[in-house]
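Text of entry_34.txt (compact mmCIF, C-alpha atoms and all ligand atoms) as supplied:
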```
# COMPACT_ATOMS: atom_id res chain seq x y z
CA MET A 63 2.01 15.24 9.60
CA ALA A 64 -0.13 13.63 6.89
CA GLY A 65 -1.84 10.49 5.68
CA ARG A 66 -1.74 9.17 2.15
CA PHE A 67 -3.51 7.00 -0.40
CA ALA A 68 -1.10 5.27 -2.77
CA PRO A 69 -2.75 3.39 -5.63
CA SER A 70 -0.83 1.70 -8.42
CA PRO A 71 -1.97 2.82 -11.88
CA THR A 72 -2.81 -0.71 -12.97
CA GLY A 73 -6.57 -0.35 -13.38
CA PRO A 74 -9.62 1.65 -12.35
CA LEU A 75 -10.66 2.36 -8.77
CA HIS A 76 -12.84 -0.64 -7.79
CA LEU A 77 -14.92 -1.11 -4.68
CA GLY A 78 -11.95 -2.50 -2.68
CA SER A 79 -9.70 0.43 -3.49
CA LEU A 80 -12.57 2.87 -2.87
CA LEU A 81 -12.90 1.33 0.61
CA VAL A 82 -9.20 1.86 1.31
CA ALA A 83 -9.28 5.42 -0.08
CA THR A 84 -12.32 6.28 2.04
CA ALA A 85 -10.81 4.86 5.24
CA SER A 86 -7.52 6.63 4.60
CA TYR A 87 -9.30 9.92 3.83
CA LEU A 88 -11.46 9.77 6.95
CA GLU A 89 -8.53 8.91 9.19
CA ALA A 90 -6.50 11.89 7.92
CA ARG A 91 -9.50 14.20 8.23
CA GLN A 92 -10.19 13.03 11.77
CA ARG A 93 -6.57 13.63 12.72
CA GLY A 94 -6.81 17.07 11.13
CA VAL A 95 -3.84 16.44 8.83
CA PRO A 96 -3.49 16.64 5.03
CA TRP A 97 -4.42 13.65 2.90
CA ARG A 98 -1.88 13.07 0.15
CA LEU A 99 -2.31 11.20 -3.11
CA ARG A 100 0.70 9.23 -4.25
CA ILE A 101 0.72 7.26 -7.49
CA ASP A 102 2.90 4.15 -7.08
CA ASP A 103 3.99 4.04 -10.71
CA LEU A 104 7.47 2.48 -10.51
CA ASP A 105 6.42 -0.76 -12.12
CA ALA A 106 6.07 0.78 -15.57
CA PRO A 107 5.58 -2.57 -17.36
CA ARG A 108 2.42 -3.16 -15.30
CA ALA A 109 1.07 0.38 -15.56
CA VAL A 110 -2.06 0.87 -17.65
CA PRO A 111 -2.12 4.07 -19.73
CA GLY A 112 -4.76 6.44 -18.41
CA ALA A 113 -5.30 4.51 -15.17
CA ALA A 114 -3.84 7.23 -12.91
CA ALA A 115 -6.11 9.88 -14.45
CA ASP A 116 -9.04 7.47 -14.15
CA ILE A 117 -8.35 6.87 -10.45
CA MET A 118 -8.09 10.62 -9.79
CA ALA A 119 -11.38 11.28 -11.60
CA SER A 120 -13.09 8.56 -9.51
CA LEU A 121 -11.72 9.96 -6.26
CA GLU A 122 -12.98 13.44 -7.19
CA THR A 123 -16.42 12.11 -8.14
CA HIS A 124 -16.66 10.51 -4.70
CA GLY A 125 -15.65 13.72 -2.92
CA LEU A 126 -12.30 12.24 -1.87
CA LEU A 127 -10.27 15.37 -2.51
CA TRP A 128 -6.58 15.13 -1.74
CA ASP A 129 -4.39 17.95 -0.49
CA GLY A 130 -1.57 19.45 -2.53
CA GLU A 131 0.01 18.15 -5.70
CA VAL A 132 -0.22 14.53 -6.76
CA ASP A 133 3.01 12.77 -5.85
CA TYR A 134 4.49 10.25 -8.33
CA GLN A 135 6.97 7.64 -7.16
CA SER A 136 8.66 7.88 -10.56
CA ASP A 137 9.75 11.40 -9.52
CA HIS A 138 11.62 10.00 -6.49
CA ILE A 139 14.05 7.63 -8.20
CA ASP A 140 17.06 9.67 -7.06
CA ALA A 141 15.96 9.38 -3.43
CA TYR A 142 15.51 5.61 -3.76
CA GLU A 143 18.92 5.21 -5.42
CA HIS A 144 20.39 7.26 -2.59
CA ALA A 145 18.77 4.94 -0.02
CA LEU A 146 20.16 1.99 -1.95
CA GLU A 147 23.62 3.51 -1.88
CA ARG A 148 23.34 4.01 1.87
CA LEU A 149 22.32 0.37 2.39
CA GLY A 150 25.26 -0.68 0.24
CA GLU A 151 27.68 1.40 2.31
CA LEU A 152 26.33 -0.25 5.43
CA GLY A 153 27.11 -3.64 3.90
CA HIS A 154 23.51 -4.88 3.68
CA LEU A 155 23.26 -5.52 -0.07
CA PHE A 156 24.31 -8.26 -2.46
CA TYR A 157 23.82 -9.10 -6.12
CA CYS A 158 21.59 -12.03 -6.95
CA THR A 159 21.72 -13.85 -10.26
CA CYS A 160 19.35 -16.69 -9.35
CA SER A 161 16.83 -17.46 -12.05
CA ARG A 162 13.16 -17.60 -11.19
CA ARG A 163 13.40 -21.36 -11.71
CA GLN A 164 16.13 -21.69 -9.08
CA LEU A 165 13.98 -19.98 -6.46
CA ARG A 166 11.05 -21.89 -5.01
CA SER A 167 8.04 -19.65 -5.04
CA GLY A 168 6.62 -18.97 -1.59
CA GLN A 169 9.89 -20.03 0.10
CA PRO A 170 12.25 -17.55 1.78
CA TYR A 171 15.34 -16.76 -0.28
CA PRO A 172 17.93 -19.44 0.56
CA GLY A 173 20.90 -17.05 0.63
CA THR A 174 22.56 -18.50 -2.46
CA CYS A 175 24.20 -15.27 -3.67
CA ARG A 176 24.97 -13.62 -0.32
CA GLY A 177 28.66 -13.66 -1.17
CA HIS A 178 28.19 -11.55 -4.32
CA ARG A 179 29.02 -8.15 -2.89
CA ALA A 180 30.59 -6.60 -5.99
CA ALA A 181 28.24 -4.84 -8.40
CA ARG A 182 27.38 -6.85 -11.49
CA ALA A 183 25.08 -6.19 -14.39
CA ASP A 184 22.09 -8.41 -14.98
CA ALA A 185 21.56 -9.09 -11.29
CA ALA A 186 18.86 -8.17 -8.83
CA ILE A 187 19.97 -6.43 -5.64
CA ARG A 188 18.85 -8.12 -2.43
CA LEU A 189 18.94 -7.00 1.18
CA VAL A 190 20.57 -9.20 3.81
CA VAL A 191 17.84 -9.87 6.38
CA GLU A 192 19.10 -10.73 9.84
CA PRO A 193 16.99 -13.02 12.05
CA GLU A 194 15.33 -10.30 14.12
CA PRO A 195 11.64 -10.11 14.98
CA ILE A 196 9.57 -7.14 13.82
CA HIS A 197 6.73 -6.04 16.08
CA PHE A 198 4.07 -3.47 15.45
CA VAL A 199 0.56 -2.69 16.58
CA ASP A 200 -1.93 -2.36 13.76
CA ALA A 201 -4.98 -0.21 14.50
CA VAL A 202 -7.29 -2.74 12.77
CA GLN A 203 -5.42 -6.08 12.83
CA GLY A 204 -3.98 -5.76 16.35
CA GLN A 205 -0.58 -6.77 17.68
CA GLN A 206 1.69 -8.17 14.94
CA GLN A 207 4.89 -10.14 15.11
CA PHE A 208 6.87 -11.26 12.08
CA TYR A 209 10.26 -12.82 11.37
CA PRO A 210 11.18 -11.52 7.92
CA ALA A 211 14.30 -13.73 7.84
CA ASN A 212 12.03 -16.81 7.93
CA GLU A 213 9.16 -15.39 5.89
CA SER A 214 10.74 -13.60 2.94
CA GLY A 215 14.42 -14.02 3.66
CA ASP A 216 16.78 -11.66 1.83
CA PHE A 217 14.36 -9.73 -0.34
CA ILE A 218 14.81 -7.77 -3.55
CA VAL A 219 15.30 -4.01 -3.27
CA ARG A 220 16.14 -3.41 -6.93
CA ARG A 221 14.99 -5.71 -9.65
CA ARG A 222 17.16 -7.14 -12.36
CA ASP A 223 15.43 -4.75 -14.82
CA LEU A 224 16.73 -1.89 -12.58
CA ILE A 225 13.26 -1.04 -11.28
CA ILE A 226 13.29 -0.11 -7.59
CA ALA A 227 11.32 -2.73 -5.69
CA TYR A 228 8.05 -1.80 -4.06
CA GLN A 229 9.38 -2.53 -0.55
CA LEU A 230 12.20 -0.01 -0.78
CA ALA A 231 10.10 2.71 -2.43
CA ALA A 232 7.27 2.28 0.08
CA ALA A 233 9.71 2.30 3.02
CA ALA A 234 11.38 5.50 1.80
CA ASP A 235 8.08 7.29 1.11
CA ASP A 236 6.06 6.09 4.10
CA GLY A 237 9.09 6.66 6.34
CA ALA A 238 9.25 10.31 5.25
CA PRO A 239 8.90 12.71 8.19
CA GLU A 240 5.56 14.07 6.96
CA ILE A 241 3.76 10.71 6.91
CA ASP A 242 2.62 9.84 10.43
CA HIS A 243 0.05 7.16 9.58
CA VAL A 244 -0.65 4.71 6.77
CA VAL A 245 -4.07 3.22 6.08
CA ARG A 246 -4.01 0.52 3.39
CA GLY A 247 -5.46 -2.88 2.50
CA ALA A 248 -4.87 -6.01 4.57
CA ASP A 249 -3.26 -7.65 1.52
CA LEU A 250 -0.18 -5.54 2.34
CA LEU A 251 0.01 -6.56 6.02
CA ASP A 252 2.81 -9.07 5.40
CA ASN A 253 4.80 -6.48 3.42
CA THR A 254 4.91 -4.14 6.40
CA PRO A 255 7.63 -6.03 8.34
CA ARG A 256 9.99 -5.78 5.35
CA GLN A 257 9.31 -2.06 5.09
CA LEU A 258 9.79 -1.59 8.84
CA TYR A 259 13.05 -3.51 8.58
CA LEU A 260 14.23 -1.16 5.83
CA MET A 261 13.11 1.92 7.77
CA ARG A 262 15.11 0.71 10.75
CA LEU A 263 18.26 0.32 8.62
CA LEU A 264 17.71 3.72 6.98
CA GLY A 265 17.07 5.48 10.29
CA LEU A 266 13.51 6.46 9.32
CA VAL A 267 10.69 6.83 11.84
CA PRO A 268 7.89 4.42 10.90
CA PRO A 269 4.30 5.65 10.63
CA GLU A 270 1.38 4.12 12.53
CA TYR A 271 -0.36 1.44 10.48
CA ALA A 272 -3.94 0.40 9.89
CA HIS A 273 -4.55 -2.45 7.44
CA VAL A 274 -8.25 -2.33 6.63
CA ARG A 275 -10.36 -5.24 5.43
CA LEU A 276 -10.21 -6.42 1.86
CA VAL A 277 -13.18 -6.75 -0.41
CA THR A 278 -13.22 -10.18 -2.05
CA PHE A 279 -15.45 -12.29 -4.23
CA ALA A 280 -17.09 -15.40 -2.71
CA ASP A 281 -14.18 -17.60 -3.89
CA GLY A 282 -11.81 -15.46 -1.80
CA SER A 283 -10.16 -13.71 -4.75
CA LYS A 284 -9.27 -10.09 -4.21
CA LEU A 285 -10.88 -7.46 -6.42
CA SER A 286 -8.49 -6.54 -9.20
CA LYS A 287 -8.37 -6.14 -12.91
CA GLN A 288 -7.17 -9.74 -13.15
CA THR A 289 -10.20 -11.09 -11.28
CA GLY A 290 -12.55 -9.03 -13.41
CA ALA A 291 -13.51 -6.40 -10.84
CA ALA A 292 -15.25 -3.48 -12.49
CA GLY A 293 -14.31 0.12 -11.78
CA VAL A 294 -16.75 1.95 -9.51
CA ASP A 295 -19.60 3.59 -11.42
CA SER A 296 -19.38 7.36 -11.09
CA GLN A 297 -23.16 7.58 -11.69
CA THR A 298 -23.77 5.92 -8.32
CA ALA A 299 -21.05 7.65 -6.29
CA GLY A 300 -23.24 8.25 -3.21
CA ALA A 301 -24.41 4.64 -3.15
CA ASN A 302 -20.81 3.40 -3.60
CA LEU A 303 -19.64 5.52 -0.66
CA THR A 304 -22.53 4.31 1.47
CA ALA A 305 -21.68 0.69 0.58
CA VAL A 306 -18.02 1.01 1.60
CA LEU A 307 -18.92 2.93 4.77
CA LYS A 308 -21.19 0.04 5.76
CA MET A 309 -18.26 -2.33 5.25
CA LEU A 310 -16.15 0.01 7.39
CA ASN A 311 -18.74 -0.24 10.18
CA CYS A 312 -19.62 3.43 9.73
CA ALA A 313 -22.98 3.16 7.95
CA PRO A 314 -24.72 6.48 7.32
CA PRO A 315 -28.36 6.80 8.50
CA PRO A 316 -31.19 5.73 6.12
CA ASP A 317 -32.00 9.32 5.12
CA ALA A 318 -28.47 9.67 3.67
CA ILE A 319 -29.89 8.31 0.40
CA GLY A 320 -30.43 11.84 -0.86
CA TRP A 321 -27.12 13.24 0.39
CA SER A 322 -24.23 14.40 -1.74
CA CYS A 323 -20.84 12.67 -1.42
CA ALA A 324 -19.53 15.69 0.50
CA GLU A 325 -22.42 15.40 2.98
CA ILE A 326 -21.92 11.66 3.40
CA LEU A 327 -18.21 12.16 4.03
CA ARG A 328 -18.87 14.98 6.49
CA TRP A 329 -21.22 12.70 8.44
CA ALA A 330 -18.73 9.82 8.29
CA GLY A 331 -15.93 12.11 9.47
CA GLU A 332 -17.92 12.79 12.64
CA HIS A 333 -18.57 9.10 13.28
CA TRP A 334 -15.29 7.61 12.13
CA ASN A 335 -13.42 5.18 14.36
CA ILE A 336 -10.66 3.18 12.68
CA THR A 337 -10.53 0.68 15.53
CA SER A 338 -14.11 -0.44 14.82
CA VAL A 339 -13.31 -1.45 11.22
CA PRO A 340 -13.62 -5.25 10.95
CA SER A 341 -10.36 -7.06 10.18
CA HIS A 342 -11.76 -9.88 8.01
CA ALA A 343 -12.64 -9.59 4.33
CA ALA A 344 -15.99 -8.27 3.11
CA VAL A 345 -17.45 -10.56 0.45
CA ILE A 346 -19.40 -9.23 -2.52
CA GLU A 347 -21.16 -10.80 -5.50
CA ARG A 348 -19.35 -10.95 -8.79
CA ASN A 349 -21.00 -8.42 -11.13
ZN ZN A 401 20.58 -15.43 -5.83
```

Conversion result in structure tokens:
Amino acid sequence: MAGRFAPSPTGPLHLGSLLVATASYLEARQRGVPWRLRIDDLDAPRAVPGAAADIMASLETHGLLWDGEVDYQSDHIDAYEHALERLGELGHLFYCTCSRRQLRSGQPYPGTCRGHRAARADAAIRLVVEPEPIHFVDAVQGQQQFYPANESGDFIVRRRDLIIAYQLAAAADDGAPEIDHVVRGADLLDNTPRQLYLMRLLGLVPPEYAHVRLVTFADGSKLSKQTGAAGVDSQTAGANLTAVLKMLNCAPPPDAIGWSCAEILRWAGEHWNITSVPSHAAVIERN
């Protein structure tokens, strides 16, 4: 059994991703299982050179030491293609040639290409989504019920540029027998039903989920490179950890100011309770 932290190499570790990493680390430590680091690097066009190394250096500076080798999704392409093949054999896939303009953003896929079952070049591959509810209990967000058929509709599992879609890769990796729990940001909560749907089709046992609070700016925008969020400053690692632990409702005592990151994390490990993490976003000032 294990937990994992799975950043995309699209920018430095900012306060929001440090919060997720810390929560994920503490949950794995409390369960007494390894904490894996997976780099979700399939979307090569969006990857920023050096970002993965940068994220790893930040994690180390903050005492968030992962177990074992770093896992790269780009090393698993064969496994994803195999899953795709399996879904095809089961009759769940079709080839979509709709242009972005034909599809109304934010609307579920209207099923236009469902009849295109034969492989064709220059097409995305979509999954037929049957109208079935998906239920799960999230350790932070509570009982969840989704209808992927109404929300996303038939979603993309391999992009037109042949890149395996995030949903399929995440389902295959998080559905692996070793991963028994997933702690990640609440921005991914509405992706989970699609991944659970895929796991069900692929016969994978889903992990337990905890979608922890986001860190946003006052205007509600999520911290990211696009919104100008700075990477965490390694010179203030202890203060950064203390700040995210406060947001996680696990604030160290006042005398923790002089503690090392390892000491702060040891204390937090003894006081950690994922169910007391607030579900709503934490708002910070733009720096
Ligand atoms: Zn289509």

| query | Which neighbours of Gly173 of chain A fall inside 8 Å, counting all atoms listed in the file, when residues of the same chain fewer than 3 positions from it are skipped, and could you give them as number ranges by chain? | reply | A: 176, 215-216

| request: Name all residues at most 8 Å from Ala280 of chain A (count all atoms listed in the file; drop same-chain ones fewer than 3 positions away) and give them as a PyMOL selection string. | output: chain A and resi 283+345-348

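Of the listed residues A:Ala68, A:Cys160, A:Leu327, A:Ala201, the one whose atoms come nearest to Arg98 of chain A is A:Ala68, with distances taken using only C-alpha atoms.
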
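Taking atom CA of Leu127 of chain A and atom CA of Gly204 of chain A as endpoints, the distance between them is 29.0 Å.
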
| request: Fewer than 4 positions away in the same chain doesn't count, so skip those; otherwise give me all residues within 9 Å of Pro255 of chain A, counting all atoms listed in the file, as a count of residues only. | output: 11

| If you count all atoms listed in the file, which residues end up within 6 Å of ligand ZN 401 (chain A), as a PyMOL selection string? | chain A and resi 158-160+174-175

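Interatomic distance, atom CA of Pro96 of chain A to atom CA of Val132 of chain A: 12.4 Å.
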
| message | Taking all atoms listed in the file into account, name the residue in A:Arg182, A:Ala231, A:Asp242, A:Val110 that is nearest to Asp140 of chain A. | response | A:Ala231

| message | What's around segment 299-310 of chain A at 10 Å? Count only C-alpha atoms, leave out sequence neighbours fewer than 5 positions away in its own chain, and write the answer as a PyMOL selection string. | response | chain A and resi 76-85+120-125+274-277+294+315-316+318-327+330+334-341+343-345

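Interatomic distance, atom CA of Val202 of chain A against atom CA of Ala234 of chain A: 23.2 Å.
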